[in-house]
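final_26.cif, holding mmCIF, N, CA and C atoms:
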```cif
data_run
loop_
_atom_site.label_atom_id
_atom_site.label_comp_id
_atom_site.auth_asym_id
_atom_site.auth_seq_id
_atom_site.Cartn_x
_atom_site.Cartn_y
_atom_site.Cartn_z
N MET P 92 64.74 62.24 -73.08
CA MET P 92 66.06 62.62 -72.64
C MET P 92 65.93 63.80 -71.70
N THR P 93 66.55 63.72 -70.55
CA THR P 93 66.54 64.84 -69.63
C THR P 93 67.80 65.66 -69.83
N ARG P 94 67.66 66.94 -69.70
CA ARG P 94 68.81 67.83 -69.85
C ARG P 94 69.17 68.36 -68.47
N GLU P 95 70.04 67.63 -67.81
CA GLU P 95 70.46 68.00 -66.47
C GLU P 95 71.62 68.98 -66.55
N HIS P 96 71.69 69.85 -65.56
CA HIS P 96 72.79 70.79 -65.49
C HIS P 96 73.96 70.12 -64.78
N VAL P 97 75.15 70.36 -65.28
CA VAL P 97 76.35 69.77 -64.73
C VAL P 97 77.32 70.86 -64.35
N GLN P 98 78.34 70.49 -63.60
CA GLN P 98 79.40 71.41 -63.26
C GLN P 98 80.69 70.82 -63.76
N GLY P 99 81.64 71.67 -64.08
CA GLY P 99 82.93 71.18 -64.56
C GLY P 99 82.93 70.99 -66.06
N PRO P 100 84.04 70.49 -66.60
CA PRO P 100 84.18 70.33 -68.05
C PRO P 100 83.30 69.22 -68.62
N VAL P 101 82.98 69.35 -69.90
CA VAL P 101 82.21 68.37 -70.65
C VAL P 101 83.00 68.04 -71.92
N GLN P 102 83.04 66.76 -72.28
CA GLN P 102 83.69 66.32 -73.51
C GLN P 102 82.64 66.07 -74.58
N ALA P 103 83.00 66.37 -75.84
CA ALA P 103 82.08 66.19 -76.96
C ALA P 103 82.57 65.05 -77.85
N VAL P 104 81.67 64.12 -78.17
CA VAL P 104 81.97 62.99 -79.05
C VAL P 104 81.25 63.23 -80.36
N VAL P 105 82.02 63.63 -81.38
CA VAL P 105 81.44 63.94 -82.68
C VAL P 105 81.93 62.88 -83.67
N LEU P 106 81.00 62.12 -84.23
CA LEU P 106 81.32 61.08 -85.21
C LEU P 106 80.82 61.49 -86.59
N TYR P 107 81.63 61.14 -87.60
CA TYR P 107 81.22 61.38 -88.98
C TYR P 107 81.95 60.39 -89.88
N ASP P 108 81.22 59.62 -90.63
CA ASP P 108 81.79 58.72 -91.62
C ASP P 108 82.87 57.79 -91.03
N GLY P 109 82.58 57.22 -89.85
CA GLY P 109 83.52 56.29 -89.22
C GLY P 109 84.71 56.94 -88.55
N ARG P 110 84.65 58.25 -88.38
CA ARG P 110 85.76 58.98 -87.75
C ARG P 110 85.24 59.80 -86.59
N VAL P 111 86.14 60.10 -85.66
CA VAL P 111 85.80 60.90 -84.48
C VAL P 111 86.63 62.19 -84.51
N LEU P 112 86.02 63.28 -84.11
CA LEU P 112 86.68 64.58 -84.08
C LEU P 112 87.57 64.68 -82.85
N LEU P 113 88.86 64.95 -83.05
CA LEU P 113 89.81 65.11 -81.96
C LEU P 113 90.53 66.44 -82.11
N VAL P 114 90.99 66.97 -80.98
CA VAL P 114 91.78 68.20 -80.97
C VAL P 114 93.09 67.92 -80.26
N CYS P 115 94.12 68.64 -80.67
CA CYS P 115 95.45 68.48 -80.08
C CYS P 115 95.48 69.18 -78.73
N ASP P 116 95.97 68.48 -77.70
CA ASP P 116 96.11 69.13 -76.41
C ASP P 116 97.48 69.81 -76.34
N ASP P 117 97.73 70.53 -75.27
CA ASP P 117 98.97 71.28 -75.15
C ASP P 117 100.21 70.40 -75.11
N GLY P 118 100.06 69.14 -74.76
CA GLY P 118 101.18 68.22 -74.70
C GLY P 118 101.45 67.50 -76.01
N GLY P 119 100.68 67.78 -77.05
CA GLY P 119 100.88 67.14 -78.34
C GLY P 119 100.05 65.89 -78.55
N GLY P 120 99.28 65.48 -77.52
CA GLY P 120 98.39 64.33 -77.67
C GLY P 120 97.06 64.76 -78.24
N TRP P 121 96.20 63.79 -78.50
CA TRP P 121 94.89 64.07 -79.08
C TRP P 121 93.80 63.68 -78.10
N ARG P 122 92.75 64.49 -78.02
CA ARG P 122 91.65 64.28 -77.10
C ARG P 122 90.36 64.79 -77.72
N LEU P 123 89.27 64.49 -77.05
CA LEU P 123 87.97 65.02 -77.47
C LEU P 123 87.91 66.52 -77.17
N PRO P 124 87.18 67.28 -77.98
CA PRO P 124 86.96 68.69 -77.62
C PRO P 124 86.26 68.75 -76.27
N SER P 125 86.70 69.64 -75.39
CA SER P 125 86.05 69.76 -74.08
C SER P 125 86.17 71.18 -73.57
N GLY P 126 85.27 71.50 -72.66
CA GLY P 126 85.28 72.84 -72.07
C GLY P 126 84.30 72.94 -70.93
N GLY P 127 84.38 74.06 -70.23
CA GLY P 127 83.57 74.28 -69.04
C GLY P 127 82.15 74.70 -69.33
N VAL P 128 81.30 74.39 -68.38
CA VAL P 128 79.87 74.70 -68.45
C VAL P 128 79.65 76.16 -68.05
N GLN P 129 78.78 76.84 -68.78
CA GLN P 129 78.37 78.19 -68.41
C GLN P 129 77.14 78.09 -67.51
N PRO P 130 76.85 79.15 -66.75
CA PRO P 130 75.70 79.10 -65.84
C PRO P 130 74.41 78.68 -66.54
N ALA P 131 73.68 77.76 -65.92
CA ALA P 131 72.39 77.24 -66.40
C ALA P 131 72.49 76.56 -67.76
N GLU P 132 73.66 76.04 -68.12
CA GLU P 132 73.85 75.38 -69.40
C GLU P 132 73.85 73.87 -69.19
N SER P 133 73.15 73.14 -70.04
CA SER P 133 73.14 71.68 -69.96
C SER P 133 74.43 71.12 -70.55
N ALA P 134 74.71 69.87 -70.25
CA ALA P 134 75.89 69.21 -70.81
C ALA P 134 75.81 69.19 -72.33
N GLU P 135 74.62 68.94 -72.88
CA GLU P 135 74.44 68.90 -74.33
C GLU P 135 74.75 70.26 -74.96
N ALA P 136 74.25 71.32 -74.35
CA ALA P 136 74.50 72.67 -74.87
C ALA P 136 75.98 73.03 -74.74
N THR P 137 76.60 72.62 -73.65
CA THR P 137 78.03 72.88 -73.48
C THR P 137 78.84 72.21 -74.56
N ALA P 138 78.55 70.94 -74.83
CA ALA P 138 79.30 70.20 -75.84
C ALA P 138 79.17 70.88 -77.20
N ALA P 139 77.97 71.28 -77.58
CA ALA P 139 77.76 71.93 -78.87
C ALA P 139 78.52 73.25 -78.95
N ARG P 140 78.45 74.04 -77.90
CA ARG P 140 79.13 75.33 -77.87
C ARG P 140 80.64 75.16 -77.95
N VAL P 141 81.18 74.23 -77.17
CA VAL P 141 82.63 74.02 -77.13
C VAL P 141 83.16 73.56 -78.48
N VAL P 142 82.47 72.63 -79.13
CA VAL P 142 82.92 72.16 -80.44
C VAL P 142 82.97 73.33 -81.41
N TYR P 143 81.93 74.14 -81.41
CA TYR P 143 81.90 75.29 -82.33
C TYR P 143 83.02 76.28 -82.01
N GLU P 144 83.20 76.61 -80.75
CA GLU P 144 84.22 77.59 -80.38
C GLU P 144 85.63 77.09 -80.71
N LEU P 145 85.90 75.81 -80.45
CA LEU P 145 87.25 75.28 -80.67
C LEU P 145 87.53 74.98 -82.14
N THR P 146 86.56 74.38 -82.83
CA THR P 146 86.83 73.83 -84.16
C THR P 146 86.09 74.53 -85.30
N GLY P 147 85.03 75.24 -85.01
CA GLY P 147 84.22 75.87 -86.05
C GLY P 147 83.14 74.96 -86.61
N TYR P 148 83.10 73.69 -86.18
CA TYR P 148 82.05 72.78 -86.65
C TYR P 148 80.77 73.02 -85.85
N LEU P 149 79.66 73.04 -86.55
CA LEU P 149 78.35 73.18 -85.91
C LEU P 149 77.83 71.79 -85.60
N VAL P 150 77.50 71.55 -84.34
CA VAL P 150 76.98 70.25 -83.91
C VAL P 150 75.80 70.47 -82.97
N ASP P 151 75.08 69.38 -82.72
CA ASP P 151 73.96 69.38 -81.78
C ASP P 151 74.23 68.30 -80.75
N GLY P 152 74.38 68.69 -79.48
CA GLY P 152 74.57 67.71 -78.42
C GLY P 152 73.29 66.93 -78.21
N THR P 153 73.35 65.59 -78.32
CA THR P 153 72.12 64.81 -78.30
C THR P 153 71.99 63.85 -77.13
N GLU P 154 73.12 63.34 -76.61
CA GLU P 154 73.01 62.26 -75.62
C GLU P 154 74.23 62.27 -74.69
N VAL P 155 73.97 62.30 -73.39
CA VAL P 155 75.05 62.15 -72.41
C VAL P 155 75.33 60.67 -72.26
N LEU P 156 76.60 60.28 -72.42
CA LEU P 156 76.95 58.87 -72.29
C LEU P 156 76.96 58.45 -70.83
N ASP P 157 76.47 57.25 -70.60
CA ASP P 157 76.42 56.66 -69.27
C ASP P 157 77.58 55.69 -69.14
N ALA P 158 78.19 55.66 -67.96
CA ALA P 158 79.31 54.74 -67.72
C ALA P 158 78.82 53.31 -67.48
N HIS P 159 77.51 53.06 -67.55
CA HIS P 159 76.92 51.73 -67.39
C HIS P 159 77.35 51.05 -66.09
N GLY P 160 77.20 51.79 -65.00
CA GLY P 160 77.48 51.21 -63.69
C GLY P 160 78.94 51.24 -63.29
N GLU P 161 79.83 51.61 -64.22
CA GLU P 161 81.24 51.69 -63.86
C GLU P 161 81.53 53.06 -63.27
N PRO P 162 82.58 53.16 -62.47
CA PRO P 162 82.91 54.47 -61.92
C PRO P 162 83.20 55.47 -63.03
N ALA P 163 82.73 56.68 -62.86
CA ALA P 163 83.00 57.72 -63.85
C ALA P 163 84.49 58.04 -63.83
N ASP P 164 85.08 58.15 -65.00
CA ASP P 164 86.51 58.43 -65.06
C ASP P 164 86.76 59.79 -65.71
N GLY P 165 86.25 60.81 -65.06
CA GLY P 165 86.53 62.16 -65.55
C GLY P 165 85.28 62.91 -65.94
N GLU P 166 85.43 63.70 -66.98
CA GLU P 166 84.40 64.61 -67.44
C GLU P 166 83.24 63.87 -68.11
N PRO P 167 82.02 64.40 -67.99
CA PRO P 167 80.90 63.81 -68.73
C PRO P 167 81.17 63.92 -70.23
N ALA P 168 80.68 62.96 -70.98
CA ALA P 168 80.85 62.96 -72.44
C ALA P 168 79.47 62.99 -73.09
N VAL P 169 79.35 63.81 -74.13
CA VAL P 169 78.09 63.99 -74.83
C VAL P 169 78.27 63.64 -76.30
N VAL P 170 77.42 62.76 -76.82
CA VAL P 170 77.42 62.44 -78.24
C VAL P 170 76.79 63.61 -78.98
N CYS P 171 77.44 64.04 -80.05
CA CYS P 171 76.96 65.19 -80.83
C CYS P 171 76.74 64.79 -82.28
N GLN P 172 75.72 65.34 -82.88
CA GLN P 172 75.44 65.12 -84.29
C GLN P 172 76.06 66.27 -85.07
N LEU P 173 76.85 65.94 -86.09
CA LEU P 173 77.48 66.95 -86.93
C LEU P 173 76.43 67.59 -87.83
N LEU P 174 76.38 68.92 -87.83
CA LEU P 174 75.41 69.65 -88.64
C LEU P 174 76.05 70.38 -89.81
N SER P 175 77.38 70.54 -89.80
CA SER P 175 78.08 71.20 -90.91
C SER P 175 79.29 70.37 -91.29
N GLU P 176 79.49 70.13 -92.57
CA GLU P 176 80.61 69.31 -93.01
C GLU P 176 81.92 70.08 -93.07
N ALA P 177 81.84 71.41 -93.05
CA ALA P 177 83.04 72.23 -93.07
C ALA P 177 82.98 73.21 -91.89
N PRO P 178 84.14 73.49 -91.29
CA PRO P 178 84.14 74.42 -90.16
C PRO P 178 83.96 75.87 -90.62
N SER P 179 83.38 76.68 -89.77
CA SER P 179 83.26 78.10 -90.07
C SER P 179 84.55 78.81 -89.64
N ASP P 180 84.70 80.03 -90.09
CA ASP P 180 85.86 80.82 -89.69
C ASP P 180 85.75 81.22 -88.22
N GLY P 181 86.85 81.54 -87.61
CA GLY P 181 86.84 82.05 -86.25
C GLY P 181 87.04 81.01 -85.18
N ALA P 182 87.35 79.77 -85.53
CA ALA P 182 87.60 78.74 -84.53
C ALA P 182 88.85 79.11 -83.73
N ARG P 183 88.84 78.75 -82.46
CA ARG P 183 89.99 79.03 -81.60
C ARG P 183 91.24 78.25 -82.01
N LEU P 184 91.05 77.03 -82.50
CA LEU P 184 92.18 76.19 -82.87
C LEU P 184 92.46 76.29 -84.37
N VAL P 185 93.72 76.31 -84.73
CA VAL P 185 94.09 76.30 -86.15
C VAL P 185 93.79 74.91 -86.71
N PRO P 186 93.56 74.80 -88.01
CA PRO P 186 93.19 73.50 -88.60
C PRO P 186 94.16 72.36 -88.28
N GLU P 187 95.45 72.66 -88.10
CA GLU P 187 96.43 71.62 -87.81
C GLU P 187 96.22 70.99 -86.43
N ARG P 188 95.45 71.65 -85.56
CA ARG P 188 95.20 71.13 -84.22
C ARG P 188 93.83 70.46 -84.10
N VAL P 189 93.20 70.22 -85.26
CA VAL P 189 91.89 69.56 -85.32
C VAL P 189 92.00 68.46 -86.36
N ARG P 190 91.51 67.26 -86.01
CA ARG P 190 91.55 66.20 -87.02
C ARG P 190 90.39 65.23 -86.82
N TRP P 191 90.03 64.60 -87.94
CA TRP P 191 89.05 63.52 -87.94
C TRP P 191 89.84 62.22 -87.96
N THR P 192 89.74 61.44 -86.92
CA THR P 192 90.52 60.22 -86.77
C THR P 192 89.63 59.00 -86.93
N PRO P 193 90.03 58.03 -87.76
CA PRO P 193 89.25 56.79 -87.84
C PRO P 193 89.10 56.18 -86.44
N ILE P 194 87.93 55.67 -86.16
CA ILE P 194 87.67 55.11 -84.82
C ILE P 194 88.73 54.08 -84.45
N ALA P 195 89.15 53.26 -85.40
CA ALA P 195 90.15 52.22 -85.13
C ALA P 195 91.50 52.80 -84.73
N ASP P 196 91.75 54.08 -85.02
CA ASP P 196 93.04 54.71 -84.72
C ASP P 196 93.01 55.57 -83.46
N THR P 197 92.04 55.37 -82.60
CA THR P 197 91.92 56.21 -81.40
C THR P 197 92.55 55.60 -80.16
N ALA P 198 93.32 54.53 -80.32
CA ALA P 198 93.89 53.84 -79.16
C ALA P 198 94.78 54.75 -78.32
N ASP P 199 95.49 55.69 -78.94
CA ASP P 199 96.39 56.56 -78.21
C ASP P 199 95.73 57.84 -77.68
N ALA P 200 94.47 58.05 -78.04
CA ALA P 200 93.77 59.25 -77.59
C ALA P 200 93.29 59.07 -76.16
N ALA P 201 93.24 60.17 -75.43
CA ALA P 201 92.76 60.15 -74.04
C ALA P 201 91.23 60.14 -74.07
N LEU P 202 90.65 58.94 -73.98
CA LEU P 202 89.20 58.80 -74.04
C LEU P 202 88.68 58.10 -72.80
N PRO P 203 87.57 58.59 -72.22
CA PRO P 203 86.96 57.91 -71.08
C PRO P 203 86.42 56.53 -71.45
N THR P 204 86.25 55.68 -70.46
CA THR P 204 85.75 54.33 -70.65
C THR P 204 84.41 54.32 -71.38
N ALA P 205 83.49 55.19 -71.00
CA ALA P 205 82.17 55.23 -71.63
C ALA P 205 82.27 55.58 -73.10
N VAL P 206 83.22 56.45 -73.45
CA VAL P 206 83.40 56.84 -74.86
C VAL P 206 83.99 55.67 -75.64
N ARG P 207 84.97 54.99 -75.07
CA ARG P 207 85.56 53.82 -75.75
C ARG P 207 84.48 52.77 -76.02
N ALA P 208 83.63 52.51 -75.03
CA ALA P 208 82.55 51.53 -75.21
C ALA P 208 81.59 51.98 -76.31
N TYR P 209 81.26 53.25 -76.33
CA TYR P 209 80.37 53.79 -77.36
C TYR P 209 81.00 53.65 -78.74
N LEU P 210 82.27 53.99 -78.86
CA LEU P 210 82.96 53.91 -80.15
C LEU P 210 83.06 52.47 -80.65
N GLN P 211 83.23 51.51 -79.73
CA GLN P 211 83.30 50.11 -80.15
C GLN P 211 82.02 49.70 -80.85
N GLY P 212 80.91 50.21 -80.39
CA GLY P 212 79.63 49.90 -81.01
C GLY P 212 79.40 50.62 -82.33
N HIS P 213 80.27 51.58 -82.66
CA HIS P 213 80.09 52.36 -83.87
C HIS P 213 81.25 52.22 -84.86
N ALA P 214 82.19 51.34 -84.55
CA ALA P 214 83.32 51.14 -85.47
C ALA P 214 82.83 50.42 -86.71
N PRO P 215 83.28 50.90 -87.89
CA PRO P 215 82.88 50.21 -89.13
C PRO P 215 83.43 48.79 -89.16
N VAL P 216 82.67 47.89 -89.77
CA VAL P 216 83.11 46.50 -89.88
C VAL P 216 83.55 46.20 -91.29
#
```

Once you've parsed the file, please lay out its structure as structure tokens.
Amino acid sequence: MTREHVQGPVQAVVLYDGRVLLVCDDGGGWRLPSGGVQPAESAEATAARVVYELTGYLVDGTEVLDAHGEPADGEPAVVCQLLSEAPSDGARLVPERVRWTPIADTADAALPTAVRAYLQGHAPV
């Protein structure tokens, strides 16, 4: 896996027990945790940092999702492995603005095409 440096926001895809971590946006909808890249930071490192800062969950960014030849529709998305089952104190978002949503219930969430394709392959049967 290569760790390329990116510019602009990065989205984090955190899965646990058939659910995906979502945060409430300012409009009341639900989306993936996302945030901007710091200087010399990889997309994987950005995703891990952003999840921790927003939600308090410790994760490890492991894989940048590929759009598989389709046009990119927004921010890069990084699959993250959950390292802590409970959030630490000091998260930017209050618990009511963070939720674990069953993959099957993500139809209304703002998710990029590559993330939707990834989740389809990980939905429980």

Hits from the PyMOL selection byres (((chain P and resi 135-137 and name CA) around 12) and name CA), listed as a CSV table (one decimal) with N, CA and C atoms, in the frame of the given file:
```csv
chain,number,residue,atom,x,y,z
P,92,MET,N,64.7,62.2,-73.1
P,92,MET,CA,66.1,62.6,-72.6
P,92,MET,C,65.9,63.8,-71.7
P,93,THR,N,66.6,63.7,-70.6
P,93,THR,CA,66.5,64.8,-69.6
P,93,THR,C,67.8,65.7,-69.8
P,94,ARG,N,67.7,66.9,-69.7
P,94,ARG,CA,68.8,67.8,-69.8
P,94,ARG,C,69.2,68.4,-68.5
P,95,GLU,N,70.0,67.6,-67.8
P,95,GLU,CA,70.5,68.0,-66.5
P,95,GLU,C,71.6,69.0,-66.6
P,96,HIS,N,71.7,69.8,-65.6
P,96,HIS,CA,72.8,70.8,-65.5
P,96,HIS,C,74.0,70.1,-64.8
P,97,VAL,N,75.2,70.4,-65.3
P,97,VAL,CA,76.4,69.8,-64.7
P,97,VAL,C,77.3,70.9,-64.4
P,98,GLN,N,78.3,70.5,-63.6
P,98,GLN,CA,79.4,71.4,-63.3
P,98,GLN,C,80.7,70.8,-63.8
P,99,GLY,N,81.6,71.7,-64.1
P,99,GLY,CA,82.9,71.2,-64.6
P,99,GLY,C,82.9,71.0,-66.1
P,100,PRO,N,84.0,70.5,-66.6
P,100,PRO,CA,84.2,70.3,-68.0
P,100,PRO,C,83.3,69.2,-68.6
P,101,VAL,N,83.0,69.4,-69.9
P,101,VAL,CA,82.2,68.4,-70.6
P,101,VAL,C,83.0,68.0,-71.9
P,102,GLN,N,83.0,66.8,-72.3
P,102,GLN,CA,83.7,66.3,-73.5
P,102,GLN,C,82.6,66.1,-74.6
P,103,ALA,N,83.0,66.4,-75.8
P,103,ALA,CA,82.1,66.2,-77.0
P,103,ALA,C,82.6,65.0,-77.8
P,104,VAL,N,81.7,64.1,-78.2
P,104,VAL,CA,82.0,63.0,-79.0
P,104,VAL,C,81.2,63.2,-80.4
P,105,VAL,N,82.0,63.6,-81.4
P,105,VAL,CA,81.4,63.9,-82.7
P,105,VAL,C,81.9,62.9,-83.7
P,124,PRO,N,87.2,67.3,-78.0
P,124,PRO,CA,87.0,68.7,-77.6
P,124,PRO,C,86.3,68.8,-76.3
P,125,SER,N,86.7,69.6,-75.4
P,125,SER,CA,86.0,69.8,-74.1
P,125,SER,C,86.2,71.2,-73.6
P,126,GLY,N,85.3,71.5,-72.7
P,126,GLY,CA,85.3,72.8,-72.1
P,126,GLY,C,84.3,72.9,-70.9
P,127,GLY,N,84.4,74.1,-70.2
P,127,GLY,CA,83.6,74.3,-69.0
P,127,GLY,C,82.2,74.7,-69.3
P,128,VAL,N,81.3,74.4,-68.4
P,128,VAL,CA,79.9,74.7,-68.4
P,128,VAL,C,79.6,76.2,-68.0
P,129,GLN,N,78.8,76.8,-68.8
P,129,GLN,CA,78.4,78.2,-68.4
P,129,GLN,C,77.1,78.1,-67.5
P,130,PRO,N,76.8,79.2,-66.8
P,130,PRO,CA,75.7,79.1,-65.8
P,130,PRO,C,74.4,78.7,-66.5
P,131,ALA,N,73.7,77.8,-65.9
P,131,ALA,CA,72.4,77.2,-66.4
P,131,ALA,C,72.5,76.6,-67.8
P,132,GLU,N,73.7,76.0,-68.1
P,132,GLU,CA,73.8,75.4,-69.4
P,132,GLU,C,73.8,73.9,-69.2
P,133,SER,N,73.2,73.1,-70.0
P,133,SER,CA,73.1,71.7,-70.0
P,133,SER,C,74.4,71.1,-70.6
P,134,ALA,N,74.7,69.9,-70.2
P,134,ALA,CA,75.9,69.2,-70.8
P,134,ALA,C,75.8,69.2,-72.3
P,138,ALA,N,78.6,70.9,-74.8
P,138,ALA,CA,79.3,70.2,-75.8
P,138,ALA,C,79.2,70.9,-77.2
P,139,ALA,N,78.0,71.3,-77.6
P,139,ALA,CA,77.8,71.9,-78.9
P,139,ALA,C,78.5,73.2,-79.0
P,140,ARG,N,78.4,74.0,-77.9
P,140,ARG,CA,79.1,75.3,-77.9
P,140,ARG,C,80.6,75.2,-78.0
P,141,VAL,N,81.2,74.2,-77.2
P,141,VAL,CA,82.6,74.0,-77.1
P,141,VAL,C,83.2,73.6,-78.5
P,142,VAL,N,82.5,72.6,-79.1
P,142,VAL,CA,82.9,72.2,-80.4
P,142,VAL,C,83.0,73.3,-81.4
P,143,TYR,N,81.9,74.1,-81.4
P,143,TYR,CA,81.9,75.3,-82.3
P,143,TYR,C,83.0,76.3,-82.0
P,144,GLU,N,83.2,76.6,-80.8
P,144,GLU,CA,84.2,77.6,-80.4
P,144,GLU,C,85.6,77.1,-80.7
P,145,LEU,N,85.9,75.8,-80.4
P,145,LEU,CA,87.2,75.3,-80.7
P,145,LEU,C,87.5,75.0,-82.1
P,149,LEU,N,79.7,73.0,-86.6
P,149,LEU,CA,78.4,73.2,-85.9
P,149,LEU,C,77.8,71.8,-85.6
P,150,VAL,N,77.5,71.6,-84.3
P,150,VAL,CA,77.0,70.2,-83.9
P,150,VAL,C,75.8,70.5,-83.0
P,151,ASP,N,75.1,69.4,-82.7
P,151,ASP,CA,74.0,69.4,-81.8
P,151,ASP,C,74.2,68.3,-80.8
P,152,GLY,N,74.4,68.7,-79.5
P,152,GLY,CA,74.6,67.7,-78.4
P,152,GLY,C,73.3,66.9,-78.2
P,153,THR,N,73.4,65.6,-78.3
P,153,THR,CA,72.1,64.8,-78.3
P,153,THR,C,72.0,63.8,-77.1
P,154,GLU,N,73.1,63.3,-76.6
P,154,GLU,CA,73.0,62.3,-75.6
P,154,GLU,C,74.2,62.3,-74.7
P,155,VAL,N,74.0,62.3,-73.4
P,155,VAL,CA,75.0,62.2,-72.4
P,155,VAL,C,75.3,60.7,-72.3
P,156,LEU,N,76.6,60.3,-72.4
P,156,LEU,CA,77.0,58.9,-72.3
P,156,LEU,C,77.0,58.4,-70.8
P,167,PRO,N,82.0,64.4,-68.0
P,167,PRO,CA,80.9,63.8,-68.7
P,167,PRO,C,81.2,63.9,-70.2
P,168,ALA,N,80.7,63.0,-71.0
P,168,ALA,CA,80.8,63.0,-72.4
P,168,ALA,C,79.5,63.0,-73.1
P,169,VAL,N,79.4,63.8,-74.1
P,169,VAL,CA,78.1,64.0,-74.8
P,169,VAL,C,78.3,63.6,-76.3
P,170,VAL,N,77.4,62.8,-76.8
P,170,VAL,CA,77.4,62.4,-78.2
P,170,VAL,C,76.8,63.6,-79.0
P,171,CYS,N,77.4,64.0,-80.0
P,171,CYS,CA,77.0,65.2,-80.8
P,171,CYS,C,76.7,64.8,-82.3
P,172,GLN,N,75.7,65.3,-82.9
P,172,GLN,CA,75.4,65.1,-84.3
P,172,GLN,C,76.1,66.3,-85.1
```

- Query: By how many Å are atom C of P:Ala208 and atom CA of P:Val185 apart?
  - Reply: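 Separation between atom C of P:Ala208 and atom CA of P:Val185: 29.1 Å.
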
- Task: Would you work out the distance separating atom CA of P:Pro178 from atom C of P:Leu123, expressed in Å to one decimal?
- Result: 15.7 Å

- Item | Atom pair atom C of P:Leu184 / atom CA of P:Val206: separation (Å) |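 The value is 23.5 Å.
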
- Query: Which residues match the PyMOL selection byres (((chain P and resi 107 and name CA) around 9) and name CA) in the file above, as a VMD selection string?
  - Reply: chain P and resid 105 to 106 108 to 112 172 to 173 176 191

- Message: Taking all atoms listed in the file into account, name the residue in P:Val114, P:Leu210, P:Ala177, P:Ala182 that is nearest to P:Ala195.
- Response: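 Once distances to P:Ala195 are computed over all atoms listed in the file, the minimum belongs to P:Leu210.
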
What are the centre and the three edge lengths of an axis-aligned box that wraps all atoms of stretch 197-201 of chain P in the file, given that 6 Å is added to every side, written as JSON and rounded to one decimal in Å?
```
{"center_x": 93.8, "center_y": 57.0, "center_z": -78.3, "size_x": 17.2, "size_y": 18.3, "size_z": 20.6}
```

- Item | Residues flagged alpha helix (DSSP H) by DSSP in chain P, as a PyMOL selection string | chain P and resi 134-146+204-211
